[in-house]
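> The structure under discussion is supplied below as structure tokens; questions concerning it will follow.
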Amino acid sequence: MEISELPKDKKIILFDGVCNLCDSSLQFVIKHDLKDIFRFVPLQSELGQKIINHIGAISIDSTILYEPEKNWYIKSDVAFKIIKEVGGPYKFLLVLSILPKSILDYVYDYIAKNRYKWFGTKECCMIPTTKLQFKFLA
């Protein structure tokens, strides 16, 4: 798939495909994406690398939220954008967004730096079920 073929009406989450914490977060988003807003791409994939190069991200150790032809977000901004979209009882977490971005990103970076040690890794990216394959872009 090429950048120009990405769905313009979906928000694309680029995630670490071997991280167990990222996998759990991805499962959460899939379960709560009732409006079918998101599509998913592993950072390690060819398409993931194309998107990273396209947006000009360098050495990103973060989940990326990419809105084709609009904008892209990293670190704590991604978490808040996703929470805002999935809504429900999780919207109360948006109150944390009043904290300074430097503090929020520091916490994000600390967790990201330790995620493999705390949560472990997998040998390969998640293989979606047939029912969920349409949500994953390749």
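As shown in the structure tokens, the chain order sets the letters A, B, ...; within each chain, residues go from 1, and ligands are also counted from 1 in the order they appear.
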List the spatial neighbours of segment 115-118 of chain A as a ChimeraX atom specification - criterion: any atom at most 9 Å away, only C-alpha atoms, same-chain residues fewer than 6 positions off excluded.

/A:19-22

> So that I have them on file, write out the residues from the current selection with all heavy atoms, as a JSON list (two decimals), in the first residue's frame.


```json
[["chain", "number", "residue", "atom", "x", "y", "z"],
["A", 19, "CYS", "N", 5.49, -5.08, 21.21],
["A", 19, "CYS", "CA", 5.34, -4.65, 22.60],
["A", 19, "CYS", "C", 4.02, -5.15, 23.19],
["A", 19, "CYS", "O", 2.95, -4.91, 22.63],
["A", 19, "CYS", "CB", 5.39, -3.12, 22.65],
["A", 19, "CYS", "SG", 4.91, -2.38, 24.21],
["A", 20, "ASN", "N", 4.09, -5.84, 24.33],
["A", 20, "ASN", "CA", 2.88, -6.35, 24.97],
["A", 20, "ASN", "C", 1.98, -5.23, 25.49],
["A", 20, "ASN", "O", 0.76, -5.34, 25.41],
["A", 20, "ASN", "CB", 3.24, -7.30, 26.11],
["A", 20, "ASN", "CG", 3.71, -8.64, 25.61],
["A", 20, "ASN", "OD1", 3.35, -9.09, 24.52],
["A", 20, "ASN", "ND2", 4.54, -9.31, 26.40],
["A", 21, "LEU", "N", 2.55, -4.16, 26.01],
["A", 21, "LEU", "CA", 1.74, -3.03, 26.47],
["A", 21, "LEU", "C", 1.01, -2.40, 25.28],
["A", 21, "LEU", "O", -0.18, -2.09, 25.36],
["A", 21, "LEU", "CB", 2.61, -1.97, 27.16],
["A", 21, "LEU", "CG", 1.90, -0.67, 27.55],
["A", 21, "LEU", "CD1", 0.76, -0.93, 28.53],
["A", 21, "LEU", "CD2", 2.89, 0.33, 28.13],
["A", 22, "CYS", "N", 1.72, -2.24, 24.17],
["A", 22, "CYS", "CA", 1.11, -1.67, 22.97],
["A", 22, "CYS", "C", 0.00, -2.57, 22.45],
["A", 22, "CYS", "O", -1.06, -2.09, 22.02],
["A", 22, "CYS", "CB", 2.17, -1.46, 21.89],
["A", 22, "CYS", "SG", 3.52, -0.39, 22.42]]
```

> Which parts of segment 75-119 of chain A does DSSP call alpha helix (DSSP H) when run on the backbone here, written out as number ranges by chain?

A: 76-86, 101-119

> Convert the current residue selection to file output with N, CA and C atoms, as a PDB file, in the first residue's frame.


```pdb
ATOM      1  N   SER A  76       1.908  11.774  24.566  1.00  0.00           N
ATOM      2  CA  SER A  76       0.661  11.928  25.322  1.00  0.00           C
ATOM      3  C   SER A  76      -0.480  12.458  24.458  1.00  0.00           C
ATOM      4  N   ASP A  77      -0.157  13.209  23.418  1.00  0.00           N
ATOM      5  CA  ASP A  77      -1.213  13.713  22.526  1.00  0.00           C
ATOM      6  C   ASP A  77      -2.004  12.565  21.906  1.00  0.00           C
ATOM      7  N   VAL A  78      -1.308  11.475  21.577  1.00  0.00           N
ATOM      8  CA  VAL A  78      -1.975  10.313  20.981  1.00  0.00           C
ATOM      9  C   VAL A  78      -2.989   9.741  21.960  1.00  0.00           C
ATOM     10  N   ALA A  79      -2.572   9.552  23.188  1.00  0.00           N
ATOM     11  CA  ALA A  79      -3.460   8.972  24.195  1.00  0.00           C
ATOM     12  C   ALA A  79      -4.728   9.810  24.354  1.00  0.00           C
ATOM     13  N   PHE A  80      -4.563  11.123  24.453  1.00  0.00           N
ATOM     14  CA  PHE A  80      -5.732  11.985  24.647  1.00  0.00           C
ATOM     15  C   PHE A  80      -6.626  12.033  23.407  1.00  0.00           C
ATOM     16  N   LYS A  81      -6.037  12.034  22.232  1.00  0.00           N
ATOM     17  CA  LYS A  81      -6.844  12.033  20.995  1.00  0.00           C
ATOM     18  C   LYS A  81      -7.665  10.747  20.895  1.00  0.00           C
ATOM     19  N   ILE A  82      -7.050   9.617  21.244  1.00  0.00           N
ATOM     20  CA  ILE A  82      -7.763   8.337  21.191  1.00  0.00           C
ATOM     21  C   ILE A  82      -8.876   8.304  22.227  1.00  0.00           C
ATOM     22  N   ILE A  83      -8.574   8.727  23.453  1.00  0.00           N
ATOM     23  CA  ILE A  83      -9.589   8.743  24.511  1.00  0.00           C
ATOM     24  C   ILE A  83     -10.765   9.625  24.104  1.00  0.00           C
ATOM     25  N   LYS A  84     -10.469  10.761  23.507  1.00  0.00           N
ATOM     26  CA  LYS A  84     -11.535  11.669  23.070  1.00  0.00           C
ATOM     27  C   LYS A  84     -12.446  10.992  22.049  1.00  0.00           C
ATOM     28  N   GLU A  85     -11.865  10.195  21.160  1.00  0.00           N
ATOM     29  CA  GLU A  85     -12.656   9.526  20.118  1.00  0.00           C
ATOM     30  C   GLU A  85     -13.459   8.343  20.662  1.00  0.00           C
ATOM     31  N   VAL A  86     -12.854   7.535  21.537  1.00  0.00           N
ATOM     32  CA  VAL A  86     -13.586   6.355  22.034  1.00  0.00           C
ATOM     33  C   VAL A  86     -14.627   6.743  23.068  1.00  0.00           C
ATOM     34  N   LYS A 101       2.271  19.769  29.168  1.00  0.00           N
ATOM     35  CA  LYS A 101       2.660  18.758  28.188  1.00  0.00           C
ATOM     36  C   LYS A 101       4.027  18.161  28.523  1.00  0.00           C
ATOM     37  N   SER A 102       4.916  18.970  29.054  1.00  0.00           N
ATOM     38  CA  SER A 102       6.257  18.469  29.397  1.00  0.00           C
ATOM     39  C   SER A 102       6.171  17.358  30.446  1.00  0.00           C
ATOM     40  N   ILE A 103       5.284  17.490  31.399  1.00  0.00           N
ATOM     41  CA  ILE A 103       5.105  16.461  32.434  1.00  0.00           C
ATOM     42  C   ILE A 103       4.450  15.222  31.829  1.00  0.00           C
ATOM     43  N   LEU A 104       3.408  15.420  31.035  1.00  0.00           N
ATOM     44  CA  LEU A 104       2.714  14.296  30.398  1.00  0.00           C
ATOM     45  C   LEU A 104       3.654  13.508  29.494  1.00  0.00           C
ATOM     46  N   ASP A 105       4.471  14.210  28.712  1.00  0.00           N
ATOM     47  CA  ASP A 105       5.403  13.524  27.816  1.00  0.00           C
ATOM     48  C   ASP A 105       6.546  12.864  28.584  1.00  0.00           C
ATOM     49  N   TYR A 106       6.940  13.444  29.712  1.00  0.00           N
ATOM     50  CA  TYR A 106       7.965  12.812  30.548  1.00  0.00           C
ATOM     51  C   TYR A 106       7.457  11.455  31.049  1.00  0.00           C
ATOM     52  N   VAL A 107       6.229  11.430  31.546  1.00  0.00           N
ATOM     53  CA  VAL A 107       5.628  10.178  32.025  1.00  0.00           C
ATOM     54  C   VAL A 107       5.518   9.191  30.862  1.00  0.00           C
ATOM     55  N   TYR A 108       5.050   9.672  29.704  1.00  0.00           N
ATOM     56  CA  TYR A 108       4.943   8.811  28.519  1.00  0.00           C
ATOM     57  C   TYR A 108       6.312   8.216  28.174  1.00  0.00           C
ATOM     58  N   ASP A 109       7.346   9.063  28.125  1.00  0.00           N
ATOM     59  CA  ASP A 109       8.692   8.599  27.777  1.00  0.00           C
ATOM     60  C   ASP A 109       9.220   7.592  28.798  1.00  0.00           C
ATOM     61  N   TYR A 110       8.936   7.822  30.069  1.00  0.00           N
ATOM     62  CA  TYR A 110       9.398   6.904  31.114  1.00  0.00           C
ATOM     63  C   TYR A 110       8.764   5.523  30.931  1.00  0.00           C
ATOM     64  N   ILE A 111       7.472   5.501  30.671  1.00  0.00           N
ATOM     65  CA  ILE A 111       6.780   4.226  30.433  1.00  0.00           C
ATOM     66  C   ILE A 111       7.299   3.585  29.149  1.00  0.00           C
ATOM     67  N   ALA A 112       7.450   4.385  28.089  1.00  0.00           N
ATOM     68  CA  ALA A 112       7.939   3.856  26.809  1.00  0.00           C
ATOM     69  C   ALA A 112       9.332   3.256  26.954  1.00  0.00           C
ATOM     70  N   LYS A 113      10.175   3.909  27.712  1.00  0.00           N
ATOM     71  CA  LYS A 113      11.553   3.435  27.913  1.00  0.00           C
ATOM     72  C   LYS A 113      11.586   2.089  28.649  1.00  0.00           C
ATOM     73  N   ASN A 114      10.629   1.867  29.519  1.00  0.00           N
ATOM     74  CA  ASN A 114      10.618   0.659  30.350  1.00  0.00           C
ATOM     75  C   ASN A 114       9.592  -0.383  29.918  1.00  0.00           C
ATOM     76  N   ARG A 115       8.867  -0.147  28.837  1.00  0.00           N
ATOM     77  CA  ARG A 115       7.749  -1.017  28.472  1.00  0.00           C
ATOM     78  C   ARG A 115       8.175  -2.457  28.208  1.00  0.00           C
ATOM     79  N   TYR A 116       9.284  -2.683  27.579  1.00  0.00           N
ATOM     80  CA  TYR A 116       9.724  -4.061  27.309  1.00  0.00           C
ATOM     81  C   TYR A 116      10.077  -4.772  28.610  1.00  0.00           C
ATOM     82  N   LYS A 117      10.754  -4.050  29.507  1.00  0.00           N
ATOM     83  CA  LYS A 117      11.164  -4.637  30.791  1.00  0.00           C
ATOM     84  C   LYS A 117       9.945  -4.953  31.655  1.00  0.00           C
ATOM     85  N   TRP A 118       8.978  -4.053  31.706  1.00  0.00           N
ATOM     86  CA  TRP A 118       7.814  -4.219  32.566  1.00  0.00           C
ATOM     87  C   TRP A 118       6.762  -5.149  31.979  1.00  0.00           C
ATOM     88  N   PHE A 119       6.536  -5.067  30.687  1.00  0.00           N
ATOM     89  CA  PHE A 119       5.425  -5.798  30.067  1.00  0.00           C
ATOM     90  C   PHE A 119       5.862  -6.892  29.103  1.00  0.00           C
TER      91      PHE A 119
END
```

> Find the residues around segment 23-31 of chain A up to 9 Å (only C-alpha atoms counted), leave out those fewer than 2 positions away in its own chain, and share them as a VMD selection string.

chain A and resid 13 15 to 21 33 to 34 36 38 40 82 to 83 86 125 to 126 132 135

> From the set A:Asp9, A:Leu14, A:Pro68, A:Gly120, which residue has the shortest atom-to-atom contact distance to Lys35 of chain A, counting only C-alpha atoms?

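Among the listed residues, A:Asp9 lies closest to Lys35 of chain A.
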
> May I ask which of the residues A:Lys131, A:Trp72, A:Ile12, A:Thr121 is the closest one to Ala57 of chain A, counting only C-alpha atoms?

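Selected residue with least distance to Ala57 of chain A: A:Trp72.
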
> State, in Å with one decimal place, the distance from atom CA of Gly48 of chain A to atom CA of Thr63 of chain A.

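Separation of atom CA of Gly48 of chain A and atom CA of Thr63 of chain A: 11.0 Å.
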
> If I take atom CA of Ile98 of chain A and atom CA of Lys10 of chain A, how far is one from the other in Å, to one decimal?

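Atom-to-atom, atom CA of Ile98 of chain A and atom CA of Lys10 of chain A are spaced 26.6 Å apart.
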
> Just want the 12 Å neighbourhood of Gln49 of chain A, counted on only C-alpha atoms, with same-chain residues fewer than 6 positions away dropped. Output as a list of chain:residue names.

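Residues near the query, excluding close chain neighbours: A:Met1, A:Glu2, A:Ile3, A:Leu14, A:Phe15, A:Asp16, A:Val41, A:Pro42, A:Leu43, A:Ile55, A:Gly56, A:Ala57, A:Ile58, A:Ser59, A:Ile60, A:Ile64, A:Ala138.
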
> Counting only C-alpha atoms, which residue out of A:Asn71, A:Thr130, A:Gly87, A:Leu6 sits closest to Leu47 of chain A?

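For Leu47 of chain A, the nearest of the given residues is A:Leu6.
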